[in-house]
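**Student:** This is the structure I have questions about; it appears just below.
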Amino acid sequence: MRIGKPRLSAMRIAEMNLGFFGLQFSFGLQQANMGPIYSYLGADEATMPLLWLAGPVTGLLVQPLIGALSDRTRTRFGRRTPYFLIGAVLCSLGLLAMPYSPALWVAASLLWILDAANNVTMEPYRAYVSDRLDESQRTAGFLTQSAFTGLAQTLSYLAPSLLVWGGVSADLIDANGIPEITRIAFLIGAVLSISTIVWSVVRVPELPLDPAEEAAAAAHPMSARGALADIAAAVREMPLAMRQLALAMLFQWFAMFAYWQYIAFAIARALFGTADATSAGFRQATLVTGQAGALYNFVAFLAAFAMVPIARRFGAKHVHAVAMLLSGAAMLSLPWADSRLALALPMIGIGIGWASLMGNPYVMLAGAIPPARTGIYMGIFNMFIVVPMMIETLVMPLIYRPLMGGDPRHVLVLAGAMMLCAAAATLRVRTARASQD
């Protein structure tokens, strides 16, 4: 372990996380727009989750491998930086192409490429924050990352509405039914994806490996076979706190994936009385969904900063459990929201939960894993996110009509119940150090 890592100012911590802003702007565009895009191209509500398989599957396959490879990578730019840059370029290309999809299979294929690119970037970026910061600054680092997630997704959700308020018609669509405002929003995302990553790596470059780390890397050069062996060994030796986090992650990420997939359809029914994706009411519901998403992400942006001193005092575990409780209560109340104003209070609860999801589990994790294996354990930890997403994706088409009654509002009730279970499961986690619990 490197002793005496230089402390960074708040500005430098913000700059090192700026690339996460571009990455999460891309994720926000997907969360807000892929459901509607699939509907414009003729997808069925019940089977739509299957079209979201790209994220879970690519995350399951790509992130642990990339995390292990980045631990062993040695270049003049650093261990993690090459993965940031490659992922950002591919992500930008995917964002440029997505809103021009002429058919459902094209959009689904592009989502596989886009998610693979995002996953190439994601875990090396989290490992970079852990590598670069002294232990005393990691809470601030990961919650700043969470704050940028909230800010980026606020703007990505709000982008179509801002374009409408600026004079672009919401009803200006192409031959495939995809609105012009969606195309412009994805273009903005493509620019941000690459530019913010470049800014971060130029302004806050990685630290060089110390002699012990350099010797360890030289003794175990990068290879796919070696990376797979590292993954297998890391799974066998997984710290107890990390294993216990798995149950909480199962509940909370099942809930979030279901929420993202069905919130636009729930709002279309509740506020506009329509399930017709070709109607003007559905396009308005998509805009309202973006506005609601912008609100919860803005709340997440503010809440992430507020959580830094609270998590230091009371522990990340307890703060996260309360946040999941608030998020669950918010999702349970959503089916009864019958106006735009009535959506506001649930979005506050979801925003607090989202801020915690993107920061506090990583604070707990960073205190439990060996620093030399940060990349691989960050990659494996992502499996705790993508496996619940895969389960939701495969289960929801089976239960949507027989158990959910074909009503997306009932899906939100299920998501809320899952969040309450996540709160209870979080309290069961026994963390390695009291300062990190």
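How things are named: the first chain in the structure tokens is A, the next is B, and so on; residues count from 1 in each chain; ligands count from 1 in the order shown.
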Hey, what's within 6 Å of Phe25 of chain A if we count only C-alpha atoms and toss same-chain stuff fewer than 5 positions away? As number ranges by chain, please?

**Tutor:** A: 152-153, 156

**Student:** Phe265 of chain A: which residues within 12 Å, counting only C-alpha atoms, same-chain residues fewer than 5 positions away excluded, as a PyMOL selection string?

**Tutor:** chain A and resi 32-33+35-36+39+44-46+48+258-260+270-277+281-289+335+406-412

**Student:** Within 10 Å of Trp52 of chain A, counting only C-alpha atoms, which residues qualify if same-chain residues fewer than 6 places away don't, as a PDB file with all heavy atoms, in the first residue's frame?

**Tutor:**
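File written: selection.pdb
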```pdb
ATOM      1  N   GLN A  30     -29.820   7.007 -21.428  1.00  0.00           N
ATOM      2  CA  GLN A  30     -30.366   5.658 -21.608  1.00  0.00           C
ATOM      3  C   GLN A  30     -31.577   5.431 -20.712  1.00  0.00           C
ATOM      4  O   GLN A  30     -32.618   4.940 -21.159  1.00  0.00           O
ATOM      5  CB  GLN A  30     -29.293   4.620 -21.278  1.00  0.00           C
ATOM      6  CG  GLN A  30     -28.126   4.578 -22.240  1.00  0.00           C
ATOM      7  CD  GLN A  30     -27.061   3.605 -21.779  1.00  0.00           C
ATOM      8  OE1 GLN A  30     -27.324   2.442 -21.561  1.00  0.00           O
ATOM      9  NE2 GLN A  30     -25.847   4.084 -21.616  1.00  0.00           N
ATOM     10  N   MET A  34     -34.455   5.119 -23.461  1.00  0.00           N
ATOM     11  CA  MET A  34     -34.472   3.846 -24.173  1.00  0.00           C
ATOM     12  C   MET A  34     -35.861   3.206 -24.192  1.00  0.00           C
ATOM     13  O   MET A  34     -36.270   2.631 -25.208  1.00  0.00           O
ATOM     14  CB  MET A  34     -33.446   2.881 -23.567  1.00  0.00           C
ATOM     15  CG  MET A  34     -31.999   3.226 -23.900  1.00  0.00           C
ATOM     16  SD  MET A  34     -31.684   3.620 -25.638  1.00  0.00           S
ATOM     17  CE  MET A  34     -32.262   2.143 -26.464  1.00  0.00           C
ATOM     18  N   GLY A  35     -36.602   3.298 -23.080  1.00  0.00           N
ATOM     19  CA  GLY A  35     -37.968   2.762 -23.079  1.00  0.00           C
ATOM     20  C   GLY A  35     -38.829   3.405 -24.154  1.00  0.00           C
ATOM     21  O   GLY A  35     -39.441   2.717 -24.986  1.00  0.00           O
ATOM     22  N   TYR A  38     -37.616   2.387 -27.710  1.00  0.00           N
ATOM     23  CA  TYR A  38     -38.089   1.051 -28.043  1.00  0.00           C
ATOM     24  C   TYR A  38     -39.576   1.055 -28.383  1.00  0.00           C
ATOM     25  O   TYR A  38     -40.019   0.352 -29.306  1.00  0.00           O
ATOM     26  CB  TYR A  38     -37.828   0.098 -26.870  1.00  0.00           C
ATOM     27  CG  TYR A  38     -36.387  -0.349 -26.705  1.00  0.00           C
ATOM     28  CD1 TYR A  38     -35.883  -0.680 -25.453  1.00  0.00           C
ATOM     29  CD2 TYR A  38     -35.538  -0.451 -27.799  1.00  0.00           C
ATOM     30  CE1 TYR A  38     -34.574  -1.113 -25.287  1.00  0.00           C
ATOM     31  CE2 TYR A  38     -34.229  -0.871 -27.645  1.00  0.00           C
ATOM     32  CZ  TYR A  38     -33.743  -1.205 -26.391  1.00  0.00           C
ATOM     33  OH  TYR A  38     -32.449  -1.628 -26.248  1.00  0.00           O
ATOM     34  N   ALA A 108     -31.447  -1.996 -30.239  1.00  0.00           N
ATOM     35  CA  ALA A 108     -31.003  -2.971 -29.237  1.00  0.00           C
ATOM     36  C   ALA A 108     -29.517  -3.299 -29.410  1.00  0.00           C
ATOM     37  O   ALA A 108     -28.774  -3.419 -28.429  1.00  0.00           O
ATOM     38  CB  ALA A 108     -31.846  -4.235 -29.332  1.00  0.00           C
ATOM     39  N   LEU A 111     -27.404  -0.464 -28.151  1.00  0.00           N
ATOM     40  CA  LEU A 111     -27.363  -0.414 -26.696  1.00  0.00           C
ATOM     41  C   LEU A 111     -26.315  -1.379 -26.154  1.00  0.00           C
ATOM     42  O   LEU A 111     -25.651  -1.083 -25.147  1.00  0.00           O
ATOM     43  CB  LEU A 111     -28.741  -0.734 -26.112  1.00  0.00           C
ATOM     44  CG  LEU A 111     -28.857  -0.590 -24.585  1.00  0.00           C
ATOM     45  CD1 LEU A 111     -28.562   0.843 -24.149  1.00  0.00           C
ATOM     46  CD2 LEU A 111     -30.235  -1.012 -24.098  1.00  0.00           C
ATOM     47  N   TRP A 112     -26.131  -2.535 -26.806  1.00  0.00           N
ATOM     48  CA  TRP A 112     -25.072  -3.456 -26.393  1.00  0.00           C
ATOM     49  C   TRP A 112     -23.706  -2.783 -26.518  1.00  0.00           C
ATOM     50  O   TRP A 112     -22.866  -2.883 -25.619  1.00  0.00           O
ATOM     51  CB  TRP A 112     -25.116  -4.727 -27.245  1.00  0.00           C
ATOM     52  CG  TRP A 112     -26.183  -5.691 -26.835  1.00  0.00           C
ATOM     53  CD1 TRP A 112     -27.493  -5.672 -27.215  1.00  0.00           C
ATOM     54  CD2 TRP A 112     -26.043  -6.813 -25.959  1.00  0.00           C
ATOM     55  NE1 TRP A 112     -28.170  -6.721 -26.627  1.00  0.00           N
ATOM     56  CE2 TRP A 112     -27.316  -7.443 -25.856  1.00  0.00           C
ATOM     57  CE3 TRP A 112     -24.971  -7.362 -25.255  1.00  0.00           C
ATOM     58  CZ2 TRP A 112     -27.529  -8.570 -25.076  1.00  0.00           C
ATOM     59  CZ3 TRP A 112     -25.182  -8.501 -24.478  1.00  0.00           C
ATOM     60  CH2 TRP A 112     -26.449  -9.088 -24.402  1.00  0.00           C
ATOM     61  N   ASP A 115     -23.444   0.103 -23.850  1.00  0.00           N
ATOM     62  CA  ASP A 115     -23.246  -0.390 -22.489  1.00  0.00           C
ATOM     63  C   ASP A 115     -21.878  -1.027 -22.307  1.00  0.00           C
ATOM     64  O   ASP A 115     -21.261  -0.901 -21.242  1.00  0.00           O
ATOM     65  CB  ASP A 115     -24.346  -1.387 -22.129  1.00  0.00           C
ATOM     66  CG  ASP A 115     -25.552  -0.709 -21.498  1.00  0.00           C
ATOM     67  OD1 ASP A 115     -25.357   0.124 -20.607  1.00  0.00           O
ATOM     68  OD2 ASP A 115     -26.681  -0.999 -21.917  1.00  0.00           O
ATOM     69  N   PHE A 257     -33.847  -0.936 -11.559  1.00  0.00           N
ATOM     70  CA  PHE A 257     -33.971  -1.299 -12.976  1.00  0.00           C
ATOM     71  C   PHE A 257     -35.442  -1.343 -13.376  1.00  0.00           C
ATOM     72  O   PHE A 257     -35.819  -0.869 -14.456  1.00  0.00           O
ATOM     73  CB  PHE A 257     -33.300  -2.652 -13.229  1.00  0.00           C
ATOM     74  CG  PHE A 257     -32.667  -2.764 -14.586  1.00  0.00           C
ATOM     75  CD1 PHE A 257     -31.925  -1.731 -15.129  1.00  0.00           C
ATOM     76  CD2 PHE A 257     -32.791  -3.929 -15.337  1.00  0.00           C
ATOM     77  CE1 PHE A 257     -31.329  -1.837 -16.376  1.00  0.00           C
ATOM     78  CE2 PHE A 257     -32.200  -4.060 -16.589  1.00  0.00           C
ATOM     79  CZ  PHE A 257     -31.470  -3.004 -17.109  1.00  0.00           C
ATOM     80  N   GLN A 261     -37.337   1.186 -16.204  1.00  0.00           N
ATOM     81  CA  GLN A 261     -38.015   0.603 -17.355  1.00  0.00           C
ATOM     82  C   GLN A 261     -39.474   1.035 -17.450  1.00  0.00           C
ATOM     83  O   GLN A 261     -40.006   1.188 -18.557  1.00  0.00           O
ATOM     84  CB  GLN A 261     -37.946  -0.925 -17.293  1.00  0.00           C
ATOM     85  CG  GLN A 261     -36.564  -1.492 -17.555  1.00  0.00           C
ATOM     86  CD  GLN A 261     -36.485  -2.982 -17.272  1.00  0.00           C
ATOM     87  OE1 GLN A 261     -37.447  -3.585 -16.812  1.00  0.00           O
ATOM     88  NE2 GLN A 261     -35.328  -3.585 -17.525  1.00  0.00           N
ATOM     89  N   MET A 389     -30.162  -6.973 -12.034  1.00  0.00           N
ATOM     90  CA  MET A 389     -30.752  -6.441 -13.258  1.00  0.00           C
ATOM     91  C   MET A 389     -31.131  -7.564 -14.217  1.00  0.00           C
ATOM     92  O   MET A 389     -32.190  -7.531 -14.847  1.00  0.00           O
ATOM     93  CB  MET A 389     -29.774  -5.477 -13.936  1.00  0.00           C
ATOM     94  CG  MET A 389     -29.567  -4.171 -13.216  1.00  0.00           C
ATOM     95  SD  MET A 389     -28.408  -3.113 -14.129  1.00  0.00           S
ATOM     96  CE  MET A 389     -28.531  -1.593 -13.186  1.00  0.00           C
ATOM     97  N   MET A 390     -30.264  -8.571 -14.326  1.00  0.00           N
ATOM     98  CA  MET A 390     -30.573  -9.713 -15.186  1.00  0.00           C
ATOM     99  C   MET A 390     -31.782 -10.476 -14.672  1.00  0.00           C
ATOM    100  O   MET A 390     -32.644 -10.895 -15.448  1.00  0.00           O
ATOM    101  CB  MET A 390     -29.356 -10.636 -15.292  1.00  0.00           C
ATOM    102  CG  MET A 390     -28.207 -10.065 -16.075  1.00  0.00           C
ATOM    103  SD  MET A 390     -26.813 -11.212 -16.201  1.00  0.00           S
ATOM    104  CE  MET A 390     -27.523 -12.477 -17.247  1.00  0.00           C
ATOM    105  N   THR A 393     -34.828  -8.491 -15.510  1.00  0.00           N
ATOM    106  CA  THR A 393     -35.063  -8.526 -16.949  1.00  0.00           C
ATOM    107  C   THR A 393     -35.725  -9.826 -17.383  1.00  0.00           C
ATOM    108  O   THR A 393     -36.600  -9.835 -18.257  1.00  0.00           O
ATOM    109  CB  THR A 393     -33.726  -8.343 -17.696  1.00  0.00           C
ATOM    110  OG1 THR A 393     -33.222  -7.037 -17.402  1.00  0.00           O
ATOM    111  CG2 THR A 393     -33.899  -8.465 -19.193  1.00  0.00           C
TER     112      THR A 393
END
```

**Student:** Need to verify the contact set: Ala323 of chain A, 8 Å, only C-alpha atoms, exclusion of same-chain residues closer than 3 positions in sequence. Can you return it as a PyMOL selection string?

**Tutor:** chain A and resi 319-320+326-327+349+352-353+356+423

**Student:** Take the selection from the previous step and output its residues with C-alpha atoms, as an mmCIF file, in the first residue's frame.

**Tutor:**
```
data_model
loop_
_atom_site.group_PDB
_atom_site.id
_atom_site.type_symbol
_atom_site.label_atom_id
_atom_site.label_comp_id
_atom_site.auth_asym_id
_atom_site.auth_seq_id
_atom_site.Cartn_x
_atom_site.Cartn_y
_atom_site.Cartn_z
ATOM 1 C CA VAL A 319 -26.954 6.435 6.180
ATOM 2 C CA HIS A 320 -27.501 4.021 3.298
ATOM 3 C CA LEU A 326 -36.944 6.803 1.997
ATOM 4 C CA SER A 327 -36.569 5.614 -1.594
ATOM 5 C CA GLY A 349 -37.099 10.311 -1.637
ATOM 6 C CA ILE A 352 -31.820 10.651 -1.630
ATOM 7 C CA GLY A 353 -31.773 6.924 -2.327
ATOM 8 C CA SER A 356 -26.623 6.917 -1.495
ATOM 9 C CA ALA A 423 -32.804 -1.127 3.879
#
```

**Student:** Could you give me the residues within segment 90-276 of chain A that DSSP places in helix (DSSP H, G or I), as a ChimeraX atom specification?

**Tutor:** /A:90-100,104-132,135-165,180-203,211-219,224-236,240-272

**Student:** Restricting the calculation to only C-alpha atoms: of A:Ala43, A:Leu172, A:Leu228, A:Leu365, which residue gets closest to Tyr377 of chain A?

**Tutor:**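 Closest residue, counting only C-alpha atoms: A:Leu365.
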
**Student:** Using only C-alpha atoms, find the one residue out of A:Pro49, A:Pro124, A:Gly328, A:Gly177 that sits nearest to Ala280 of chain A.

**Tutor:**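 Result for the nearest residue to Ala280 of chain A: A:Gly177.
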
**Student:** Find the residues of segment 94-162 of chain A that sit at most 7 Å from segment 182-206 of chain A; for each, write down the nearest two atoms and how far apart they are in Å, to one decimal. Count only C-alpha atoms. Sort by chain, then by number going up, and give it as CSV.

**Tutor:**
```
residue,atom,partner,partner_atom,distance
A:Leu95,CA,A:Ala190,CA,5.5
A:Leu96,CA,A:Leu187,CA,5.6
A:Pro99,CA,A:Arg183,CA,5.2
A:Arg132,CA,A:Glu206,CA,6.6
A:Ala159,CA,A:Ala185,CA,5.9
A:Pro160,CA,A:Thr182,CA,6.3
```

**Student:** Record the distance separating atom CA of Val386 of chain A and atom CA of Leu61 of chain A, expressed in Å with one decimal.

**Tutor:**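 Taking atom CA of Val386 of chain A as the start and atom CA of Leu61 of chain A as the end point, the length is 9.7 Å.
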
**Student:** Determine, counting only C-alpha atoms, which protein, DNA and RNA residues have an atom within 10 Å of an atom of Thr149 of chain A; residues of the same chain fewer than 2 positions away are not included. Present the result as a list in words.

**Tutor:** Asn17, Leu18, Phe20, Phe21, Gly22, Leu23, Gln24, Phe25, Phe27, Gly28, Leu143, Thr144, Gln145, Ser146, Ala147, Leu151, Ala152, Gln153, Thr154, Asn297, Phe298, Ala300, Phe301, Ala304, Trp354, Ala355, Met358 and Gly359 of chain A

**Student:** Smallest atom-to-atom distance to Tyr157 of chain A: which of A:Met383, A:Ile181, A:Val235, A:Val413, using only C-alpha atoms?

**Tutor:**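 Residue with the minimum atom-to-atom distance to Tyr157 of chain A: A:Ile181.
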
**Student:** List the spatial neighbours of Pro388 of chain A as a VMD selection string - criterion: any atom at most 9 Å away, only C-alpha atoms, same-chain residues fewer than 3 positions off excluded.

**Tutor:** chain A and resid 56 249 to 255 257 383 to 385 391 to 393

**Student:** Looking at A:Ala321, A:Arg312, A:Val129, A:Gln31, which one is nearest to Ala14 of chain A, with distances taken over only C-alpha atoms?

**Tutor:**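 With only C-alpha atoms as the atom set, the closest residue is A:Val129.
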